[in-house]
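Shown below: query-v3.pdb, with PDB, C-alpha atoms.
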```
ATOM      1  CA  MET A   1      12.954  11.736 -54.104
ATOM      2  CA  ASN A   2      12.174  14.012 -57.021
ATOM      3  CA  LYS A   3      11.774  17.762 -56.959
ATOM      4  CA  LYS A   4       8.034  17.693 -56.367
ATOM      5  CA  GLU A   5       8.277  15.263 -53.492
ATOM      6  CA  TYR A   6      11.043  17.306 -52.005
ATOM      7  CA  SER A   7       9.079  20.548 -52.170
ATOM      8  CA  GLU A   8       6.138  18.812 -50.527
ATOM      9  CA  TYR A   9       8.436  17.461 -47.866
ATOM     10  CA  VAL A  10       9.785  20.943 -47.190
ATOM     11  CA  LYS A  11       6.293  22.363 -47.058
ATOM     12  CA  ARG A  12       5.171  19.747 -44.566
ATOM     13  CA  LYS A  13       8.189  20.375 -42.380
ATOM     14  CA  ALA A  14       7.758  24.125 -42.603
ATOM     15  CA  ARG A  15       4.144  23.906 -41.572
ATOM     16  CA  LYS A  16       4.925  21.611 -38.705
ATOM     17  CA  SER A  17       7.836  23.434 -37.190
ATOM     18  CA  PRO A  18       6.122  26.612 -35.897
ATOM     19  CA  ILE A  19       3.980  24.820 -33.325
ATOM     20  CA  THR A  20       6.886  22.698 -32.111
ATOM     21  CA  LYS A  21       9.092  25.757 -31.911
ATOM     22  CA  ASN A  22       6.363  27.865 -30.301
ATOM     23  CA  CYS A  23       5.682  25.193 -27.707
ATOM     24  CA  SER A  24       9.365  24.750 -26.896
ATOM     25  CA  PHE A  25       9.846  28.458 -26.285
ATOM     26  CA  ALA A  26       6.564  28.709 -24.381
ATOM     27  CA  PHE A  27       7.674  25.823 -22.172
ATOM     28  CA  LEU A  28      11.158  27.179 -21.610
ATOM     29  CA  ILE A  29      10.301  30.819 -20.924
ATOM     30  CA  GLY A  30       7.045  30.062 -19.094
ATOM     31  CA  GLY A  31       8.876  27.518 -16.971
ATOM     32  CA  LEU A  32      11.671  29.970 -16.209
ATOM     33  CA  ILE A  33       9.218  32.685 -15.120
ATOM     34  CA  CYS A  34       7.526  30.198 -12.788
ATOM     35  CA  THR A  35      10.878  29.059 -11.401
ATOM     36  CA  LEU A  36      11.818  32.683 -10.774
ATOM     37  CA  ALA A  37       8.490  33.180  -8.972
ATOM     38  CA  HIS A  38       9.132  30.060  -6.919
ATOM     39  CA  GLY A  39      12.570  31.333  -5.918
ATOM     40  CA  LEU A  40      11.245  34.803  -5.089
ATOM     41  CA  LYS A  41       8.625  33.290  -2.831
ATOM     42  CA  ASN A  42      11.222  31.332  -0.901
ATOM     43  CA  ILE A  43      13.274  34.512  -0.493
ATOM     44  CA  TYR A  44      10.237  36.436   0.807
ATOM     45  CA  LEU A  45       9.302  33.562   3.130
ATOM     46  CA  SER A  46      12.786  33.744   4.619
ATOM     47  CA  PHE A  47      11.966  37.335   5.651
ATOM     48  CA  ASP A  48       9.370  36.014   8.089
ATOM     49  CA  LEU A  49       6.409  36.821   5.858
ATOM     50  CA  ASP A  50       3.345  34.626   6.050
ATOM     51  CA  GLU A  51       2.390  32.410   3.117
ATOM     52  CA  ARG A  52      -0.253  34.720   1.643
ATOM     53  CA  SER A  53       1.777  37.912   1.969
ATOM     54  CA  ALA A  54       4.762  36.233   0.340
ATOM     55  CA  SER A  55       2.593  35.034  -2.573
ATOM     56  CA  SER A  56       1.089  38.497  -3.014
ATOM     57  CA  LEU A  57       4.524  40.070  -2.943
ATOM     58  CA  VAL A  58       5.749  37.661  -5.631
ATOM     59  CA  SER A  59       2.847  38.722  -7.878
ATOM     60  CA  VAL A  60       3.568  42.385  -7.157
ATOM     61  CA  THR A  61       7.258  41.903  -8.006
ATOM     62  CA  LEU A  62       6.525  40.145 -11.305
ATOM     63  CA  ILE A  63       3.952  42.811 -12.197
ATOM     64  CA  LEU A  64       6.458  45.582 -11.473
ATOM     65  CA  ILE A  65       9.163  43.908 -13.570
ATOM     66  CA  THR A  66       6.660  43.420 -16.400
ATOM     67  CA  ALA A  67       5.507  47.054 -16.312
ATOM     68  CA  VAL A  68       9.110  48.280 -16.557
ATOM     69  CA  LEU A  69      10.043  45.828 -19.323
ATOM     70  CA  THR A  70       6.859  46.757 -21.196
ATOM     71  CA  GLY A  71       7.661  50.455 -20.852
ATOM     72  CA  ILE A  72      11.184  50.160 -22.240
ATOM     73  CA  GLY A  73       9.926  47.936 -25.058
ATOM     74  CA  VAL A  74      11.776  44.778 -24.059
ATOM     75  CA  PHE A  75       8.727  42.772 -23.055
ATOM     76  CA  ASP A  76       7.288  42.749 -26.569
ATOM     77  CA  ASN A  77      10.476  41.218 -27.927
ATOM     78  CA  ILE A  78      10.428  38.461 -25.315
ATOM     79  CA  ALA A  79       6.696  37.889 -25.844
ATOM     80  CA  LYS A  80       7.142  37.496 -29.600
ATOM     81  CA  VAL A  81       9.397  34.506 -28.987
ATOM     82  CA  ALA A  82       7.724  33.164 -25.856
ATOM     83  CA  GLY A  83       4.081  33.290 -26.986
ATOM     84  CA  ALA A  84       1.990  31.682 -24.285
ATOM     85  CA  GLY A  85       5.135  31.470 -22.140
ATOM     86  CA  THR A  86       4.674  35.123 -21.179
ATOM     87  CA  ILE A  87       0.881  35.305 -21.665
ATOM     88  CA  VAL A  88      -0.126  32.595 -19.201
ATOM     89  CA  PRO A  89       1.939  33.624 -16.149
ATOM     90  CA  ILE A  90       0.853  36.744 -14.228
ATOM     91  CA  THR A  91       3.246  38.647 -16.533
ATOM     92  CA  GLY A  92       0.663  38.374 -19.336
ATOM     93  CA  PHE A  93      -1.991  39.980 -17.161
ATOM     94  CA  ALA A  94       0.419  42.752 -16.115
ATOM     95  CA  ASN A  95       1.575  43.332 -19.676
ATOM     96  CA  ALA A  96      -2.014  43.560 -20.927
ATOM     97  CA  VAL A  97      -2.669  46.337 -18.409
ATOM     98  CA  SER A  98       0.548  48.326 -18.802
ATOM     99  CA  SER A  99       0.838  48.099 -22.597
ATOM    100  CA  ALA A 100      -2.798  49.175 -23.006
ATOM    101  CA  ALA A 101      -2.182  52.045 -20.587
ATOM    102  CA  ILE A 102       0.927  53.217 -22.457
ATOM    103  CA  ASP A 103      -0.480  52.754 -25.959
ATOM    104  CA  ASN A 104      -3.709  54.628 -25.256
ATOM    105  CA  LYS A 105      -2.127  57.568 -23.477
ATOM    106  CA  SER A 106      -2.845  59.769 -26.505
ATOM    107  CA  GLU A 107      -6.572  59.360 -25.866
ATOM    108  CA  GLY A 108      -6.194  61.027 -22.483
ATOM    109  CA  TYR A 109      -5.800  59.756 -18.946
ATOM    110  CA  VAL A 110      -9.453  59.106 -18.232
ATOM    111  CA  LEU A 111     -10.848  57.435 -21.337
ATOM    112  CA  GLY A 112      -7.458  56.412 -22.734
ATOM    113  CA  VAL A 113      -5.320  55.099 -19.883
ATOM    114  CA  GLY A 114      -8.019  54.588 -17.256
ATOM    115  CA  ALA A 115     -10.512  52.813 -19.475
ATOM    116  CA  LYS A 116      -8.371  50.928 -21.997
ATOM    117  CA  MET A 117      -6.230  49.400 -19.242
ATOM    118  CA  PHE A 118      -9.025  46.891 -18.734
ATOM    119  CA  VAL A 119      -9.565  45.764 -22.312
ATOM    120  CA  ILE A 120      -7.978  42.369 -21.553
ATOM    121  CA  ALA A 121      -7.560  42.517 -17.771
ATOM    122  CA  GLY A 122     -11.257  43.407 -17.314
ATOM    123  CA  PRO A 123     -12.630  40.122 -18.669
ATOM    124  CA  VAL A 124     -10.114  38.179 -16.577
ATOM    125  CA  ILE A 125     -11.264  39.950 -13.413
ATOM    126  CA  VAL A 126     -14.963  39.728 -14.346
ATOM    127  CA  PHE A 127     -15.006  36.013 -15.091
ATOM    128  CA  GLY A 128     -12.554  35.140 -12.346
ATOM    129  CA  LEU A 129     -14.649  36.874  -9.684
ATOM    130  CA  LEU A 130     -17.882  35.600 -11.221
ATOM    131  CA  SER A 131     -16.796  31.974 -11.072
ATOM    132  CA  GLY A 132     -15.380  32.602  -7.587
ATOM    133  CA  ALA A 133     -18.705  34.015  -6.372
ATOM    134  CA  ILE A 134     -20.624  31.082  -7.863
ATOM    135  CA  TYR A 135     -18.247  28.713  -6.088
ATOM    136  CA  GLY A 136     -18.758  30.645  -2.846
ATOM    137  CA  VAL A 137     -22.543  30.312  -3.058
ATOM    138  CA  ILE A 138     -22.348  26.588  -3.815
ATOM    139  CA  TYR A 139     -19.801  26.095  -1.026
ATOM    140  CA  TYR A 140     -22.070  27.967   1.388
ATOM    141  CA  ILE A 141     -25.172  25.955   0.444
ATOM    142  CA  VAL A 142     -23.289  22.664   0.686
ATOM    143  CA  GLY A 143     -21.964  23.750   4.087
ATOM    144  CA  VAL A 144     -25.461  24.579   5.355
ATOM    145  CA  PHE A 145     -27.031  21.282   4.304
ATOM    146  CA  LEU A 146     -24.187  18.909   5.087
TER     147      LEU A 146
ATOM    148  CA  MET B 147      11.918  25.369   3.412
ATOM    149  CA  ASP B 148      11.349  24.033  -0.071
ATOM    150  CA  SER B 149      13.501  21.233  -1.386
ATOM    151  CA  PRO B 150      15.586  21.875  -4.513
ATOM    152  CA  ILE B 151      13.424  19.384  -6.413
ATOM    153  CA  SER B 152      10.472  21.776  -6.020
ATOM    154  CA  TYR B 153      12.270  24.168  -8.399
ATOM    155  CA  LEU B 154      12.299  21.451 -11.025
ATOM    156  CA  TYR B 155       8.574  20.868 -10.510
ATOM    157  CA  ALA B 156       7.938  24.616 -10.674
ATOM    158  CA  PHE B 157       9.716  24.718 -14.022
ATOM    159  CA  LEU B 158       8.016  21.618 -15.429
ATOM    160  CA  ILE B 159       4.460  22.344 -14.288
ATOM    161  CA  GLY B 160       4.676  26.055 -15.115
ATOM    162  CA  GLY B 161       6.106  25.272 -18.528
ATOM    163  CA  ALA B 162       3.477  22.613 -19.187
ATOM    164  CA  LEU B 163       0.631  25.021 -18.390
ATOM    165  CA  CYS B 164       2.122  27.459 -20.900
ATOM    166  CA  VAL B 165       2.448  24.748 -23.557
ATOM    167  CA  ILE B 166      -1.243  23.835 -23.210
ATOM    168  CA  ALA B 167      -2.117  27.483 -23.876
ATOM    169  CA  GLN B 168       0.325  27.659 -26.788
ATOM    170  CA  ILE B 169      -1.316  24.630 -28.398
ATOM    171  CA  LEU B 170      -4.742  26.229 -27.898
ATOM    172  CA  ILE B 171      -3.500  29.438 -29.537
ATOM    173  CA  ASP B 172      -1.893  27.640 -32.482
ATOM    174  CA  LYS B 173      -4.552  24.994 -33.069
ATOM    175  CA  THR B 174      -7.735  26.931 -32.370
ATOM    176  CA  LYS B 175      -8.906  30.436 -33.107
ATOM    177  CA  LEU B 176      -8.895  31.363 -29.421
ATOM    178  CA  THR B 177      -7.406  34.798 -28.750
ATOM    179  CA  PRO B 178      -4.984  35.278 -25.841
ATOM    180  CA  ALA B 179      -7.694  37.191 -23.936
ATOM    181  CA  ARG B 180     -10.029  34.192 -24.133
ATOM    182  CA  ILE B 181      -7.234  31.870 -23.073
ATOM    183  CA  LEU B 182      -6.623  34.014 -19.990
ATOM    184  CA  VAL B 183     -10.327  33.965 -19.113
ATOM    185  CA  ILE B 184     -10.463  30.186 -19.602
ATOM    186  CA  TYR B 185      -7.363  29.763 -17.423
ATOM    187  CA  VAL B 186      -8.742  31.838 -14.564
ATOM    188  CA  CYS B 187     -12.091  30.024 -14.604
ATOM    189  CA  ALA B 188     -10.335  26.659 -14.903
ATOM    190  CA  GLY B 189      -8.255  27.599 -11.873
ATOM    191  CA  VAL B 190     -11.390  28.363  -9.860
ATOM    192  CA  VAL B 191     -13.144  25.154 -10.921
ATOM    193  CA  LEU B 192     -10.105  22.927 -10.360
ATOM    194  CA  THR B 193      -9.575  24.465  -6.930
ATOM    195  CA  ALA B 194     -13.257  24.040  -6.075
ATOM    196  CA  VAL B 195     -13.117  20.302  -6.812
ATOM    197  CA  GLY B 196      -9.845  19.988  -4.911
ATOM    198  CA  ALA B 197      -7.650  19.181  -7.902
ATOM    199  CA  TYR B 198      -5.472  22.288  -7.908
ATOM    200  CA  LYS B 199      -4.213  22.320  -4.326
ATOM    201  CA  PRO B 200      -2.063  19.200  -4.800
ATOM    202  CA  LEU B 201      -0.487  20.865  -7.839
ATOM    203  CA  VAL B 202       0.329  23.964  -5.763
ATOM    204  CA  ASP B 203       1.817  21.788  -3.016
ATOM    205  CA  LEU B 204       3.969  20.029  -5.589
ATOM    206  CA  ALA B 205       5.043  22.846  -7.884
ATOM    207  CA  GLY B 206       4.657  26.031  -5.810
ATOM    208  CA  GLY B 207       5.329  28.946  -8.147
ATOM    209  CA  GLY B 208       4.829  26.636 -11.117
ATOM    210  CA  ALA B 209       1.149  26.380 -10.205
ATOM    211  CA  THR B 210       0.520  29.797  -8.625
ATOM    212  CA  THR B 211       2.197  32.004 -11.255
ATOM    213  CA  PRO B 212       0.137  30.964 -14.313
ATOM    214  CA  LEU B 213      -3.311  32.546 -14.502
ATOM    215  CA  THR B 214      -4.847  29.316 -13.205
ATOM    216  CA  GLY B 215      -3.089  30.298  -9.968
ATOM    217  CA  PHE B 216      -5.046  33.562 -10.026
ATOM    218  CA  GLY B 217      -8.193  31.424 -10.098
ATOM    219  CA  TYR B 218      -6.768  29.299  -7.274
ATOM    220  CA  THR B 219      -6.218  32.431  -5.176
ATOM    221  CA  ILE B 220      -9.767  33.622  -5.891
ATOM    222  CA  ALA B 221     -11.303  30.253  -4.971
ATOM    223  CA  THR B 222      -9.294  29.741  -1.776
ATOM    224  CA  GLY B 223     -10.021  33.356  -0.779
ATOM    225  CA  VAL B 224     -13.741  32.806  -1.325
ATOM    226  CA  ARG B 225     -13.741  29.563   0.652
ATOM    227  CA  GLU B 226     -11.937  31.081   3.634
ATOM    228  CA  ALA B 227     -14.206  34.132   3.590
ATOM    229  CA  VAL B 228     -17.363  31.979   3.463
ATOM    230  CA  ASP B 229     -16.040  29.941   6.411
ATOM    231  CA  GLU B 230     -15.503  33.152   8.310
ATOM    232  CA  LYS B 231     -18.387  35.420   7.315
ATOM    233  CA  GLY B 232     -20.976  33.174   5.693
ATOM    234  CA  LEU B 233     -22.597  33.999   2.385
ATOM    235  CA  LEU B 234     -21.131  37.507   2.255
ATOM    236  CA  GLY B 235     -17.743  35.870   1.854
ATOM    237  CA  ALA B 236     -18.736  34.743  -1.644
ATOM    238  CA  LEU B 237     -18.593  38.420  -2.618
ATOM    239  CA  THR B 238     -15.621  39.576  -0.557
ATOM    240  CA  GLY B 239     -13.224  36.623  -0.619
ATOM    241  CA  GLY B 240     -12.153  36.606  -4.256
ATOM    242  CA  ILE B 241     -11.254  40.231  -4.636
ATOM    243  CA  SER B 242      -9.662  40.474  -1.178
ATOM    244  CA  ALA B 243      -7.320  37.599  -1.910
ATOM    245  CA  THR B 244      -6.292  38.997  -5.299
ATOM    246  CA  SER B 245      -6.326  42.662  -4.306
ATOM    247  CA  ALA B 246      -2.538  43.071  -4.197
ATOM    248  CA  GLY B 247      -2.084  41.710  -7.706
ATOM    249  CA  ILE B 248      -4.977  43.621  -9.252
ATOM    250  CA  CYS B 249      -4.043  46.884  -7.561
ATOM    251  CA  ALA B 250      -0.357  46.469  -8.425
ATOM    252  CA  ALA B 251      -1.230  45.909 -12.094
ATOM    253  CA  ILE B 252      -3.366  49.064 -12.101
ATOM    254  CA  ILE B 253      -0.884  51.266 -10.219
ATOM    255  CA  PHE B 254       2.218  50.114 -12.114
ATOM    256  CA  GLY B 255       0.318  50.265 -15.405
ATOM    257  CA  PHE B 256      -0.707  53.831 -14.691
ATOM    258  CA  LEU B 257       2.812  54.836 -13.618
ATOM    259  CA  ALA B 258       4.195  53.206 -16.777
ATOM    260  CA  SER B 259       1.838  55.335 -18.874
ATOM    261  CA  LEU B 260       3.116  58.448 -17.093
ATOM    262  CA  ILE B 261       6.762  57.588 -17.694
ATOM    263  CA  PHE B 262       6.760  55.853 -21.069
ATOM    264  CA  THR B 263       5.257  56.745 -24.422
ATOM    265  CA  GLY B 264       4.080  54.055 -26.788
ATOM    266  CA  LYS B 265       5.848  53.411 -30.027
ATOM    267  CA  PRO B 266       3.725  54.032 -33.117
ATOM    268  CA  LYS B 267       1.834  50.878 -34.150
ATOM    269  CA  LYS B 268       3.321  49.029 -37.078
TER     270      LYS B 268
END
```

Structure translated into structure tokens:
Amino acid sequence: MNKKEYSEYVKRKARKSPITKNCSFAFLIGGLICTLAHGLKNIYLSFDLDERSASSLVSVTLILITAVLTGIGVFDNIAKVAGAGTIVPITGFANAVSSAAIDNKSEGYVLGVGAKMFVIAGPVIVFGLLSGAIYGVIYYIVGVFL
Amino acid sequence: MDSPISYLYAFLIGGALCVIAQILIDKTKLTPARILVIYVCAGVVLTAVGAYKPLVDLAGGGATTPLTGFGYTIATGVREAVDEKGLLGALTGGISATSAGICAAIIFGFLASLIFTGKPKK
């Protein structure tokens, strides 16, 4: 192949690789976080906790770890590589809250930390609860008539 | 107790849910915040139609840790509350079931802001 073909070949490869790379890291790191959560839950279950408490405690643990890693600046470095691998698990939700809280501290605790915490977490809670409430109403109506 | 194979499923399913989001981020103009909202709502809808529970039974943490699992928790909480309290449960169930996670995120986020100071934005 001549020079021009080669440069086109390189360009095509270069454009293609980010998504493959991004997806591989997202899969690997996202999968590892989920496996860790799965293991944590089994540990908590072995302490005689009921199913729901154990699940809640797993979320709380991951959120705590995320808040600490976000605070010491490590989370950002992992997230840069992991992409959706850290965004999609509960760690993404926790990081959105804690990084917004830390970054907006200079605006004060009420309108900085207290308000900006919810810039990304707010919509998640709003639409999650909204769709949940709609489901509840439908489920209720179906239950009444069937 | 869970079989060792469930760890493999947790890894595979959890990873796959992250890859779907990564493709959405790379191929569309969706921001991470929108992806999270879509995931939560998808979790609620999939749970409502009965499609998510089998995934949770199979993959455990692989299905409950991604934000779709947050939606699953909301939907199952709502359903149990409606069974128990009637229509009022549609309002109480979702937030009760997710209260630990939401409150932990708020409390730990606040504590983090007390302890740590943000680095200047690049």

Subject >> One-decimal distance in Å that lies between CA of Val68 in chain A and CA of Leu129 in chain A >> reply: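 Here the two named atoms are 27.2 Å from each other.
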
Around all listed atoms of range 148-161 of chain B, padded 6 Å per side, what centre and edge lengths does the axis-aligned box have in Å to one decimal, as JSON?
```
{"center_x": 10.0, "center_y": 22.7, "center_z": -9.3, "size_x": 23.1, "size_y": 18.7, "size_z": 30.5}
```

Who sits within 12 Å of Ala209 in chain B, all atoms listed in the file, same chain under 6 positions skipped, as a PDB file with C-alpha atoms, keeping the file's coordinate frame:
```pdb
ATOM      1  CA  GLY A  30       7.045  30.062 -19.094  1.00  0.00           C
ATOM      2  CA  GLY A  31       8.876  27.518 -16.971  1.00  0.00           C
ATOM      3  CA  ILE A  33       9.218  32.685 -15.120  1.00  0.00           C
ATOM      4  CA  CYS A  34       7.526  30.198 -12.788  1.00  0.00           C
ATOM      5  CA  THR A  35      10.878  29.059 -11.401  1.00  0.00           C
ATOM      6  CA  ALA A  37       8.490  33.180  -8.972  1.00  0.00           C
ATOM      7  CA  HIS A  38       9.132  30.060  -6.919  1.00  0.00           C
ATOM      8  CA  SER A  55       2.593  35.034  -2.573  1.00  0.00           C
ATOM      9  CA  VAL A  88      -0.126  32.595 -19.201  1.00  0.00           C
ATOM     10  CA  PRO A  89       1.939  33.624 -16.149  1.00  0.00           C
ATOM     11  CA  ILE A  90       0.853  36.744 -14.228  1.00  0.00           C
TER      12      ILE A  90
ATOM     13  CA  SER B 152      10.472  21.776  -6.020  1.00  0.00           C
ATOM     14  CA  TYR B 153      12.270  24.168  -8.399  1.00  0.00           C
ATOM     15  CA  TYR B 155       8.574  20.868 -10.510  1.00  0.00           C
ATOM     16  CA  ALA B 156       7.938  24.616 -10.674  1.00  0.00           C
ATOM     17  CA  PHE B 157       9.716  24.718 -14.022  1.00  0.00           C
ATOM     18  CA  LEU B 158       8.016  21.618 -15.429  1.00  0.00           C
ATOM     19  CA  ILE B 159       4.460  22.344 -14.288  1.00  0.00           C
ATOM     20  CA  GLY B 160       4.676  26.055 -15.115  1.00  0.00           C
ATOM     21  CA  GLY B 161       6.106  25.272 -18.528  1.00  0.00           C
ATOM     22  CA  ALA B 162       3.477  22.613 -19.187  1.00  0.00           C
ATOM     23  CA  LEU B 163       0.631  25.021 -18.390  1.00  0.00           C
ATOM     24  CA  CYS B 164       2.122  27.459 -20.900  1.00  0.00           C
ATOM     25  CA  TYR B 185      -7.363  29.763 -17.423  1.00  0.00           C
ATOM     26  CA  GLY B 189      -8.255  27.599 -11.873  1.00  0.00           C
ATOM     27  CA  LEU B 192     -10.105  22.927 -10.360  1.00  0.00           C
ATOM     28  CA  THR B 193      -9.575  24.465  -6.930  1.00  0.00           C
ATOM     29  CA  ALA B 197      -7.650  19.181  -7.902  1.00  0.00           C
ATOM     30  CA  TYR B 198      -5.472  22.288  -7.908  1.00  0.00           C
ATOM     31  CA  LYS B 199      -4.213  22.320  -4.326  1.00  0.00           C
ATOM     32  CA  PRO B 200      -2.063  19.200  -4.800  1.00  0.00           C
ATOM     33  CA  LEU B 201      -0.487  20.865  -7.839  1.00  0.00           C
ATOM     34  CA  VAL B 202       0.329  23.964  -5.763  1.00  0.00           C
ATOM     35  CA  ASP B 203       1.817  21.788  -3.016  1.00  0.00           C
ATOM     36  CA  GLY B 215      -3.089  30.298  -9.968  1.00  0.00           C
ATOM     37  CA  PHE B 216      -5.046  33.562 -10.026  1.00  0.00           C
ATOM     38  CA  GLY B 217      -8.193  31.424 -10.098  1.00  0.00           C
ATOM     39  CA  TYR B 218      -6.768  29.299  -7.274  1.00  0.00           C
ATOM     40  CA  THR B 219      -6.218  32.431  -5.176  1.00  0.00           C
TER      41      THR B 219
END
```

Original post:
Can you tell me how far CA of Ile241 in chain B sits from CA of Ile220 in chain B, in Å to one decimal?
Top reply: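 Computing it gives 6.9 Å between the two atoms.
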
Subject >> Hits from the ChimeraX specification (/A :<7) & /B, listed as a ChimeraX atom specification >> reply: /B:153,156-158,160-162,164-165,167-168,172,179,182-183,186-187,190,194,206-208,211-213,217,220-221,224-225,228,232-233,236-237,240-241,246-247,250-252,254-256,258-259,262-264

Could you save those same residues with C-alpha atoms as a PDB file, in the coordinates of the input?
```pdb
ATOM      1  CA  TYR B 153      12.270  24.168  -8.399  1.00  0.00           C
ATOM      2  CA  ALA B 156       7.938  24.616 -10.674  1.00  0.00           C
ATOM      3  CA  PHE B 157       9.716  24.718 -14.022  1.00  0.00           C
ATOM      4  CA  LEU B 158       8.016  21.618 -15.429  1.00  0.00           C
ATOM      5  CA  GLY B 160       4.676  26.055 -15.115  1.00  0.00           C
ATOM      6  CA  GLY B 161       6.106  25.272 -18.528  1.00  0.00           C
ATOM      7  CA  ALA B 162       3.477  22.613 -19.187  1.00  0.00           C
ATOM      8  CA  CYS B 164       2.122  27.459 -20.900  1.00  0.00           C
ATOM      9  CA  VAL B 165       2.448  24.748 -23.557  1.00  0.00           C
ATOM     10  CA  ALA B 167      -2.117  27.483 -23.876  1.00  0.00           C
ATOM     11  CA  GLN B 168       0.325  27.659 -26.788  1.00  0.00           C
ATOM     12  CA  ASP B 172      -1.893  27.640 -32.482  1.00  0.00           C
ATOM     13  CA  ALA B 179      -7.694  37.191 -23.936  1.00  0.00           C
ATOM     14  CA  LEU B 182      -6.623  34.014 -19.990  1.00  0.00           C
ATOM     15  CA  VAL B 183     -10.327  33.965 -19.113  1.00  0.00           C
ATOM     16  CA  VAL B 186      -8.742  31.838 -14.564  1.00  0.00           C
ATOM     17  CA  CYS B 187     -12.091  30.024 -14.604  1.00  0.00           C
ATOM     18  CA  VAL B 190     -11.390  28.363  -9.860  1.00  0.00           C
ATOM     19  CA  ALA B 194     -13.257  24.040  -6.075  1.00  0.00           C
ATOM     20  CA  GLY B 206       4.657  26.031  -5.810  1.00  0.00           C
ATOM     21  CA  GLY B 207       5.329  28.946  -8.147  1.00  0.00           C
ATOM     22  CA  GLY B 208       4.829  26.636 -11.117  1.00  0.00           C
ATOM     23  CA  THR B 211       2.197  32.004 -11.255  1.00  0.00           C
ATOM     24  CA  PRO B 212       0.137  30.964 -14.313  1.00  0.00           C
ATOM     25  CA  LEU B 213      -3.311  32.546 -14.502  1.00  0.00           C
ATOM     26  CA  GLY B 217      -8.193  31.424 -10.098  1.00  0.00           C
ATOM     27  CA  ILE B 220      -9.767  33.622  -5.891  1.00  0.00           C
ATOM     28  CA  ALA B 221     -11.303  30.253  -4.971  1.00  0.00           C
ATOM     29  CA  VAL B 224     -13.741  32.806  -1.325  1.00  0.00           C
ATOM     30  CA  ARG B 225     -13.741  29.563   0.652  1.00  0.00           C
ATOM     31  CA  VAL B 228     -17.363  31.979   3.463  1.00  0.00           C
ATOM     32  CA  GLY B 232     -20.976  33.174   5.693  1.00  0.00           C
ATOM     33  CA  LEU B 233     -22.597  33.999   2.385  1.00  0.00           C
ATOM     34  CA  ALA B 236     -18.736  34.743  -1.644  1.00  0.00           C
ATOM     35  CA  LEU B 237     -18.593  38.420  -2.618  1.00  0.00           C
ATOM     36  CA  GLY B 240     -12.153  36.606  -4.256  1.00  0.00           C
ATOM     37  CA  ILE B 241     -11.254  40.231  -4.636  1.00  0.00           C
ATOM     38  CA  ALA B 246      -2.538  43.071  -4.197  1.00  0.00           C
ATOM     39  CA  GLY B 247      -2.084  41.710  -7.706  1.00  0.00           C
ATOM     40  CA  ALA B 250      -0.357  46.469  -8.425  1.00  0.00           C
ATOM     41  CA  ALA B 251      -1.230  45.909 -12.094  1.00  0.00           C
ATOM     42  CA  ILE B 252      -3.366  49.064 -12.101  1.00  0.00           C
ATOM     43  CA  PHE B 254       2.218  50.114 -12.114  1.00  0.00           C
ATOM     44  CA  GLY B 255       0.318  50.265 -15.405  1.00  0.00           C
ATOM     45  CA  PHE B 256      -0.707  53.831 -14.691  1.00  0.00           C
ATOM     46  CA  ALA B 258       4.195  53.206 -16.777  1.00  0.00           C
ATOM     47  CA  SER B 259       1.838  55.335 -18.874  1.00  0.00           C
ATOM     48  CA  PHE B 262       6.760  55.853 -21.069  1.00  0.00           C
ATOM     49  CA  THR B 263       5.257  56.745 -24.422  1.00  0.00           C
ATOM     50  CA  GLY B 264       4.080  54.055 -26.788  1.00  0.00           C
TER      51      GLY B 264
END
```

Subject >> CA of Ala54 in chain A to CA of Ser245 in chain B, distance in Å rounded to a single decimal >> reply: 13.6 Å
